[in-house]
Each structure stands twice: as structure tokens, then as C-alpha cells.
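Student: Starting off with a structure, shown below.
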Amino acid sequence: MDKHSIRQSMRKLAVQVPPKFYMRLIGSDLVGVYYHVVSEVPIPHVNHLYDYKSPALFEQDLIYLQQHFNLIGYDALSEGLSNGTGLMRKSVILTFDDGFSECFSVVRPLLLEHKVPCTFFVTTDYVDNRGMSPDLILSLCIDSVLGLENDRQRVIINQINADYGTRLSSQMALADWIKSLIGNPKAAVSNLCNHLGVDVERYLHESRPYLTSEEIVQLSKDGFTIGAHARSHRRLNNLSDDEIEAEIMESCRAIGALTGKEDIPFAFPYNGDGVSRVLLENIRARHAHVGLLFNSRGFEEDQNFMVNRLCGDSPEGATPEESNLRQKINRSLLDEVSRKLRHAPKLQK
Ligand SMILES: [Zn+2]
């Protein structure tokens, strides 16, 4: 057995250990989990961005969490962290990012049935389907490319090559090129829509991908927490300090106006990498309505106002009888254990 396969077998074994073992090792009492969407049917505006679970698999996740952890809501988390009273051992906070309509139609009934608290982070410019994140539009563009008839493919590829200076030669190459634009703030998305006949306004009107104000108010009345996920879905680390402050403060204010709440949590679009923690601390000090800030770095340690989370979306390895969350949580915990080991001061000989 070579070194690589020994390491792989060790990792396979390590994933089977109960998460509480690693949580104790790294001194963590909290698991943060985030999803984007749960659906039985394919969703064109998300299909080419990430995988997601069916309602049955998501329900397995809820059952697993209820059996092995203490599911807490945002208020309990905020209180435990700010009062210094700490959290119950093995606490879990469940969250959804982006504010998709399935949060209401698919996720809400399951959460109510299982009595699970949850926080929904909503991108405020897109509430009521007033607009759409460029990444989602790119997913629609890829869908359109994959549906092109043969004779149209050549024409459109030639147009795009002429317009963008690309040298694409096939339908798949075009789809891959569009995929490579996901997350790129400079992507000329509307021009691409014109070439591919993607009508965003019509899609927003007919498919209604985002939550409405009424649905958000109802989720809040149900006892769920509504947080902000910025005004538009831009990566904050590309913005100036003033713009970062406006994205956080104004999106939290818009949510507060909808729900009447005063402590509004915020989740970074993509992640909070490269955003100054001093700046964030100052923003929170200046704006009392900005609550805890949620990131997506698994179990990585950060400032006490930052809550890290791991992604629960992918159904890989899950079966209708068994959730894949234990593996996901353990993989994330193992990453943090190795990160801590790498950064630990060297022992004196
Ligand atoms: Zn997002």
C-alpha cells in the first residue's frame, strides 16, 4: 500500500467517527449548514450552478440533525454568542441563501412538519422578482445553448466568436465558456442573452424564481428568521469599503422594514474572504440592526461575530434512507483539524 492510498483509507475511516469527537477536538459547539434550494424538479436558473437535494433527501437531513444535534434558531445563537453564555453542545443552525421561491413552497412545509428552526438569507433587490442574479442568468444561457438546434448552433457560435473574440468551435465549448463566466462580475450577461434569445424579464414573470414580500412576511410570522444576503448578489471583496457598508447595512434595513425585526443577520454572497474584519466590526458598531455575519468556511475559526457554515446542497452519497450530512460535517471538521495542525506551533524537541 502506498502513502496515498493509506491516507485515503485513513480519511474514509475518519469520516465514520461521530462528529462530536472532532467538535470537541477543535473546541466547537456549533455546526452551521447552508443550502440554496430543494426541489423535486430541475430548476433551469440553478441547474448549471450547483446540485441540490430532493425534498425526500432534505427530509433525511432534517431527521439526521434532529437525532444527533440540537437545532437552534438565530435568536438563541445570537443570544448565546453575545451574552457569552455560550451554546448547547452540538448546536446546529440551519440556513438557506439567495431567497428562492422553493424556500416557501418546498422547504417551509417540511420545516413546519419537523418543527425545525431556520434562517433564510434573502438578496433584497430580487425580492418580488424585481431582478435576477447574473449567475442565474448564465445558468439560463447554458440551458438555452444545450437546447439549440444544429443549424442554429453554428450561427450563434460564429456571432459570439465575432463579438467576444473567442474561438469556440462546438456547442459544449460554448456551454463551458459560459460556465467559466459564472461569478465573474465583468461578464457581459445581457449581450449574451440577446444572442441566445434568453428573455430575463419574461422568465422572472413566468417562473417567479424568488420569494415575494408576502412569503417573506409569512415565513417571519411562522417564527423563521429572515436575514439579508446583500442587495444584489455581488462579491463584496471587489467593492470599496463604502460599497461594502451600503450592501450590508441597506440590505439588513430592507429586511427589517419587511419583518419589523431589529437584529438582522447577514450572509455574504459567495463568501466573506478578503473583506476586512476590522471594517466589518466597525459596520456592526455603526449600525445596531446588523446582526451576526454568516460565512461559508465550514468550521474555520473567525471573529466572534462571524458564523461559519458548510454546504448541505449536494446529494452525493445520500440515499432515501440515509442523509449524507454526517460525511459532509465530518469532512469539514477534518479540514479544520488539519488546518489547526498545520498552523500549530512546532513542538520543541
Ligand atoms: Zn448566494
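Each chain in the C-alpha cells gets a letter, A, B and so on, in the order shown; residues start at 1 in every chain, and ligands are counted from 1 in the order they appear.
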If the limit is 6 Å from any atom of ligand 1, counting only C-alpha atoms and all ligand atoms, which residues qualify? Return them as JSON, numbers by chain.
Tutor: {"A": [97, 98, 269, 270]}
Student: Since we have the selection now, will you write its residues out, keeping C-alpha atoms, as a PDB file, in the first residue's frame?
Tutor:
```pdb
ATOM      1  CA  ASP A  97     -29.132  31.527   0.966  1.00  0.00           C
ATOM      2  CA  ASP A  98     -30.425  33.525  -2.031  1.00  0.00           C
ATOM      3  CA  PRO A 269     -22.822  36.311  -1.294  1.00  0.00           C
ATOM      4  CA  TYR A 270     -20.182  33.666  -2.261  1.00  0.00           C
TER       5      TYR A 270
END
```
Student: Hey, could you make a per-residue contact list for stretch 30-112 of chain A against stretch 117-130 of chain A with 6 Å as the cut-off, showing the nearest pair of atoms and its distance in Å to one decimal, counting only C-alpha atoms, sorted by chain and number, as a Markdown table?
Tutor:
```
| residue | atom | partner | partner_atom | distance |
| --- | --- | --- | --- | --- |
| A:Gly73 | CA | A:Pro117 | CA | 5.1 |
| A:Leu94 | CA | A:Cys118 | CA | 5.1 |
| A:Thr95 | CA | A:Thr119 | CA | 4.6 |
| A:Phe96 | CA | A:Phe120 | CA | 4.8 |
| A:Asp97 | CA | A:Phe121 | CA | 4.7 |
| A:Asp98 | CA | A:Val122 | CA | 5.1 |
| A:Gly99 | CA | A:Val122 | CA | 4.3 |
```
Student: Could you take the residues named above and write them with N, CA and C atoms, as a short mmCIF file (atom, residue, chain, number, x, y, z; two decimals), in the first residue's frame?
Tutor:
```cif
data_model
loop_
_atom_site.label_atom_id
_atom_site.label_comp_id
_atom_site.auth_asym_id
_atom_site.auth_seq_id
_atom_site.Cartn_x
_atom_site.Cartn_y
_atom_site.Cartn_z
N GLY A 73 -32.41 28.21 16.76
CA GLY A 73 -32.76 29.30 15.85
C GLY A 73 -31.76 30.44 15.99
N LEU A 94 -29.52 26.01 10.93
CA LEU A 94 -29.85 25.67 9.55
C LEU A 94 -30.20 26.95 8.80
N THR A 95 -29.65 27.11 7.60
CA THR A 95 -29.88 28.35 6.85
C THR A 95 -30.07 28.07 5.36
N PHE A 96 -30.73 28.99 4.68
CA PHE A 96 -30.85 28.96 3.22
C PHE A 96 -30.41 30.30 2.66
N ASP A 97 -29.61 30.29 1.60
CA ASP A 97 -29.13 31.53 0.97
C ASP A 97 -29.90 31.80 -0.33
N ASP A 98 -29.95 33.04 -0.72
CA ASP A 98 -30.42 33.53 -2.03
C ASP A 98 -31.91 33.89 -2.09
N GLY A 99 -32.74 33.31 -1.22
CA GLY A 99 -34.16 33.69 -1.20
C GLY A 99 -34.98 33.17 -2.37
#
```
Student: If I take atom CA of A:Ile264 and atom CA of A:Cys252, how far is one from the other in Å, to one decimal?
Tutor: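 Answer for the atom CA of A:Ile264 to atom CA of A:Cys252 separation: 5.7 Å.
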Student: Which residues come within 12 Å of A:Asn47, counting only C-alpha atoms, excluding same-chain residues fewer than 2 positions away, as an MDAnalysis selection string?
Tutor: chainID A and resid 36:39 41:45 49:53 135:144 146 179 314
Student: What are the DSSP strand (DSSP E or B) residues of stretch 130-324 of chain A, as JSON, numbers by chain?
Tutor: {"A": [210, 225, 226, 227, 228, 264, 265, 266, 267, 290, 291, 292, 293, 294, 306, 307, 310, 311, 319, 322]}
Student: Could those residues be written to a file, using C-alpha atoms, as a compact mmCIF listing (two decimals), in the first residue's frame?
Tutor:
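Wrote out_0.txt, looks like this:
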```txt
# COMPACT_ATOMS: atom_id res chain seq x y z
CA TYR A 210 -37.54 34.39 -5.95
CA THR A 225 -35.61 34.27 10.85
CA ILE A 226 -35.14 36.36 7.74
CA GLY A 227 -31.64 37.63 7.10
CA ALA A 228 -30.06 39.68 4.33
CA ILE A 264 -30.94 41.19 11.12
CA PRO A 265 -28.26 38.60 10.33
CA PHE A 266 -26.33 38.91 7.09
CA ALA A 267 -24.80 36.18 4.87
CA VAL A 290 -26.79 44.49 11.54
CA GLY A 291 -26.67 41.17 13.36
CA LEU A 292 -24.26 38.24 13.13
CA LEU A 293 -22.44 37.74 9.83
CA PHE A 294 -22.60 34.32 8.14
CA MET A 306 -18.80 35.62 12.23
CA VAL A 307 -20.66 32.31 11.91
CA LEU A 310 -20.80 24.18 5.42
CA CYS A 311 -22.87 23.49 2.32
CA THR A 319 -29.79 7.62 -0.07
CA GLU A 322 -29.63 7.90 4.91
```
Student: Given only C-alpha atoms as the basis, pick out the residue of A:Val145, A:Met132, A:Leu62, A:Val106 nearest to A:Glu201.
Tutor: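 Closest to A:Glu201 of all the choices is A:Met132.
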Student: Interatomic distance between atom CA of A:Val31 and atom CA of A:Asp263?
Tutor: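 Interatomic distance here is 21.0 Å.
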Student: Compare A:Ser5, A:Asn271, A:Asn70, A:Ser54 by their minimum atom-to-atom distance to A:Leu30, counting only C-alpha atoms, and give me the closest one.
Tutor: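 Ranked by minimum distance to A:Leu30, first place goes to A:Asn70.
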Student: How many Å separate atom CA of A:Ala285 from atom CA of A:Thr85?
Tutor: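 One can read the atom CA of A:Ala285 to atom CA of A:Thr85 distance as 20.9 Å.
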Student: Enumerate the residues of stretch 45-257 of chain A with a DSSP assignment of helix (DSSP H, G or I), computed from the backbone, and present them as an mmCIF file with C-alpha atoms, in the first residue's frame.
Tutor:
```
data_model
loop_
_atom_site.group_PDB
_atom_site.id
_atom_site.type_symbol
_atom_site.label_atom_id
_atom_site.label_comp_id
_atom_site.auth_asym_id
_atom_site.auth_seq_id
_atom_site.Cartn_x
_atom_site.Cartn_y
_atom_site.Cartn_z
ATOM 1 C CA PRO A 55 -37.491 17.023 -0.684
ATOM 2 C CA ALA A 56 -37.104 13.379 0.440
ATOM 3 C CA LEU A 57 -33.316 13.722 0.810
ATOM 4 C CA PHE A 58 -33.633 17.078 2.540
ATOM 5 C CA GLU A 59 -36.081 15.473 4.966
ATOM 6 C CA GLN A 60 -33.431 12.819 5.719
ATOM 7 C CA ASP A 61 -31.038 15.653 6.576
ATOM 8 C CA LEU A 62 -33.582 17.146 8.984
ATOM 9 C CA ILE A 63 -34.159 13.782 10.653
ATOM 10 C CA TYR A 64 -30.411 13.187 10.977
ATOM 11 C CA LEU A 65 -29.864 16.627 12.520
ATOM 12 C CA GLN A 66 -32.763 16.168 14.938
ATOM 13 C CA GLN A 67 -31.440 12.812 16.080
ATOM 14 C CA HIS A 68 -27.834 13.840 16.601
ATOM 15 C CA TYR A 74 -30.984 32.578 15.153
ATOM 16 C CA ASP A 75 -32.196 34.262 18.351
ATOM 17 C CA ALA A 76 -30.727 31.534 20.566
ATOM 18 C CA LEU A 77 -27.476 31.680 18.592
ATOM 19 C CA SER A 78 -27.247 35.454 18.781
ATOM 20 C CA GLU A 79 -28.022 35.443 22.495
ATOM 21 C CA GLY A 80 -25.566 32.641 23.291
ATOM 22 C CA LEU A 81 -22.746 34.319 21.372
ATOM 23 C CA SER A 82 -23.324 37.889 22.511
ATOM 24 C CA GLU A 102 -38.779 26.962 -3.110
ATOM 25 C CA CYS A 103 -37.928 28.144 0.416
ATOM 26 C CA PHE A 104 -41.627 28.828 0.765
ATOM 27 C CA SER A 105 -43.201 26.157 -1.441
ATOM 28 C CA VAL A 106 -40.945 23.163 -0.652
ATOM 29 C CA VAL A 107 -38.786 23.873 2.404
ATOM 30 C CA ARG A 108 -41.280 25.664 4.660
ATOM 31 C CA PRO A 109 -43.805 22.783 4.882
ATOM 32 C CA LEU A 110 -41.028 20.311 5.790
ATOM 33 C CA LEU A 111 -39.571 22.619 8.440
ATOM 34 C CA LEU A 112 -43.011 23.209 9.948
ATOM 35 C CA GLU A 113 -43.767 19.484 9.939
ATOM 36 C CA HIS A 114 -40.498 18.641 11.711
ATOM 37 C CA THR A 124 -33.107 42.177 -1.292
ATOM 38 C CA ASP A 125 -33.003 43.629 -4.839
ATOM 39 C CA TYR A 126 -34.547 40.415 -6.166
ATOM 40 C CA VAL A 127 -37.496 40.184 -3.730
ATOM 41 C CA ASP A 128 -40.788 40.015 -5.684
ATOM 42 C CA ASN A 129 -38.787 39.009 -8.779
ATOM 43 C CA PRO A 134 -26.174 37.352 -13.203
ATOM 44 C CA ASP A 135 -25.107 33.799 -12.243
ATOM 45 C CA LEU A 136 -28.695 32.596 -12.547
ATOM 46 C CA ILE A 137 -28.986 34.297 -15.913
ATOM 47 C CA LEU A 138 -25.830 32.482 -17.048
ATOM 48 C CA SER A 139 -27.415 29.194 -15.975
ATOM 49 C CA LEU A 140 -30.410 30.052 -18.187
ATOM 50 C CA CYS A 141 -27.995 30.861 -21.050
ATOM 51 C CA ILE A 142 -26.315 27.452 -20.702
ATOM 52 C CA ASP A 143 -29.735 25.793 -20.728
ATOM 53 C CA SER A 144 -30.522 27.665 -23.915
ATOM 54 C CA VAL A 145 -27.210 26.600 -25.539
ATOM 55 C CA LEU A 146 -27.865 22.941 -24.710
ATOM 56 C CA ASN A 150 -27.853 22.040 -35.007
ATOM 57 C CA ASP A 151 -28.233 24.747 -37.648
ATOM 58 C CA ARG A 152 -28.684 27.498 -35.037
ATOM 59 C CA GLN A 153 -25.604 26.342 -33.087
ATOM 60 C CA ARG A 154 -23.173 27.304 -35.887
ATOM 61 C CA VAL A 155 -24.763 30.719 -36.413
ATOM 62 C CA ILE A 156 -24.730 31.603 -32.733
ATOM 63 C CA ILE A 157 -21.196 30.307 -32.108
ATOM 64 C CA ASN A 158 -19.972 32.456 -35.025
ATOM 65 C CA GLN A 159 -21.760 35.526 -33.652
ATOM 66 C CA ILE A 160 -20.314 35.009 -30.183
ATOM 67 C CA ASN A 161 -16.786 34.404 -31.522
ATOM 68 C CA ALA A 162 -17.031 37.653 -33.513
ATOM 69 C CA ASP A 163 -18.391 39.594 -30.534
ATOM 70 C CA TYR A 164 -16.189 38.283 -27.732
ATOM 71 C CA GLN A 171 -21.954 23.576 -28.512
ATOM 72 C CA MET A 172 -20.182 22.065 -25.494
ATOM 73 C CA ALA A 173 -17.285 24.524 -25.807
ATOM 74 C CA LEU A 174 -19.812 27.374 -25.792
ATOM 75 C CA ALA A 175 -21.584 25.943 -22.730
ATOM 76 C CA ASP A 176 -18.233 25.525 -20.916
ATOM 77 C CA TRP A 177 -17.191 29.058 -21.815
ATOM 78 C CA ILE A 178 -20.429 30.464 -20.382
ATOM 79 C CA LYS A 179 -19.891 28.326 -17.275
ATOM 80 C CA SER A 180 -16.458 29.900 -16.853
ATOM 81 C CA VAL A 189 -24.502 38.932 -19.451
ATOM 82 C CA SER A 190 -27.197 40.948 -21.233
ATOM 83 C CA ASN A 191 -25.371 40.818 -24.571
ATOM 84 C CA LEU A 192 -25.149 37.041 -24.223
ATOM 85 C CA CYS A 193 -28.898 36.893 -23.532
ATOM 86 C CA ASN A 194 -29.546 38.811 -26.747
ATOM 87 C CA HIS A 195 -27.535 36.294 -28.770
ATOM 88 C CA LEU A 196 -29.219 33.309 -27.140
ATOM 89 C CA VAL A 200 -34.906 37.519 -18.328
ATOM 90 C CA GLU A 201 -37.943 39.739 -17.700
ATOM 91 C CA ARG A 202 -40.240 37.111 -19.104
ATOM 92 C CA TYR A 203 -38.558 34.349 -17.102
ATOM 93 C CA LEU A 204 -38.918 36.376 -13.899
ATOM 94 C CA HIS A 205 -42.574 36.964 -14.689
ATOM 95 C CA GLU A 206 -43.428 33.396 -15.669
ATOM 96 C CA SER A 207 -41.168 31.250 -13.446
ATOM 97 C CA SER A 213 -42.631 40.073 0.108
ATOM 98 C CA GLU A 214 -45.791 38.315 1.303
ATOM 99 C CA GLU A 215 -43.990 34.980 1.519
ATOM 100 C CA ILE A 216 -41.116 36.555 3.447
ATOM 101 C CA VAL A 217 -43.550 38.157 5.900
ATOM 102 C CA GLN A 218 -45.311 34.805 6.332
ATOM 103 C CA LEU A 219 -42.003 32.977 6.968
ATOM 104 C CA SER A 220 -41.208 35.564 9.622
ATOM 105 C CA LYS A 221 -44.682 35.153 11.190
ATOM 106 C CA LEU A 236 -18.145 42.003 -1.515
ATOM 107 C CA ASN A 237 -14.345 41.783 -1.620
ATOM 108 C CA ASN A 238 -14.317 43.521 -5.040
ATOM 109 C CA ASP A 241 -15.383 49.993 1.960
ATOM 110 C CA ASP A 242 -18.327 52.367 1.447
ATOM 111 C CA GLU A 243 -19.978 49.996 -1.003
ATOM 112 C CA ILE A 244 -19.495 47.037 1.359
ATOM 113 C CA GLU A 245 -21.069 49.045 4.165
ATOM 114 C CA ALA A 246 -24.010 50.027 1.949
ATOM 115 C CA GLU A 247 -24.580 46.435 0.744
ATOM 116 C CA ILE A 248 -24.682 45.109 4.311
ATOM 117 C CA MET A 249 -26.445 47.961 6.064
ATOM 118 C CA GLU A 250 -29.100 48.634 3.418
ATOM 119 C CA SER A 251 -29.998 45.024 2.749
ATOM 120 C CA CYS A 252 -30.377 44.459 6.514
ATOM 121 C CA ARG A 253 -32.504 47.606 6.714
ATOM 122 C CA ALA A 254 -34.768 46.381 3.866
ATOM 123 C CA ILE A 255 -35.318 43.087 5.686
ATOM 124 C CA GLY A 256 -36.030 44.908 8.954
ATOM 125 C CA ALA A 257 -38.640 47.028 7.160
#
```
Student: Residues near A:Gly272, anyone? I mean within 6 Å using only C-alpha atoms, not counting same-chain ones fewer than 2 positions away, as an MDAnalysis selection string.
Tutor: chainID A and resid 268 275 295
Student: Which polymer residues have any atom within 8 Å of an atom of A:Leu325, counting only C-alpha atoms, with same-chain residues fewer than 2 positions away left out, as a list in words?
Tutor: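 Residues near the query, excluding close chain neighbours: Asp61, Tyr64, Gly312, Ser323, Gln327, Lys328 and Ile329 of chain A.
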Student: Take the residues from that selection and put them in a file with C-alpha atoms, as a PDB file, in the first residue's frame.
Tutor:
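New file result29.pdb:
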```pdb
ATOM      1  CA  ASP A  61     -31.038  15.653   6.576  1.00  0.00           C
ATOM      2  CA  TYR A  64     -30.411  13.187  10.977  1.00  0.00           C
ATOM      3  CA  GLY A 312     -25.612  20.849   2.503  1.00  0.00           C
ATOM      4  CA  SER A 323     -28.581  11.517   4.782  1.00  0.00           C
ATOM      5  CA  GLN A 327     -19.991  12.762   5.957  1.00  0.00           C
ATOM      6  CA  LYS A 328     -20.267  16.422   4.972  1.00  0.00           C
ATOM      7  CA  ILE A 329     -19.920  17.585   8.571  1.00  0.00           C
TER       8      ILE A 329
END
```
Student: Find the residues around A:Lys12 up to 10 Å (only C-alpha atoms counted), leave out those fewer than 5 positions away in its own chain, and share them as a ChimeraX atom specification.
Tutor: /A:6-7,17,327,331
Student: So which residues touch stretch 333-347 of chain A within 9 Å, counting only C-alpha atoms, skipping near sequence neighbours fewer than 4 positions away, as a ChimeraX atom specification?
Tutor: /A:11,14-15,19,22-23,25-26,298-301,328-329
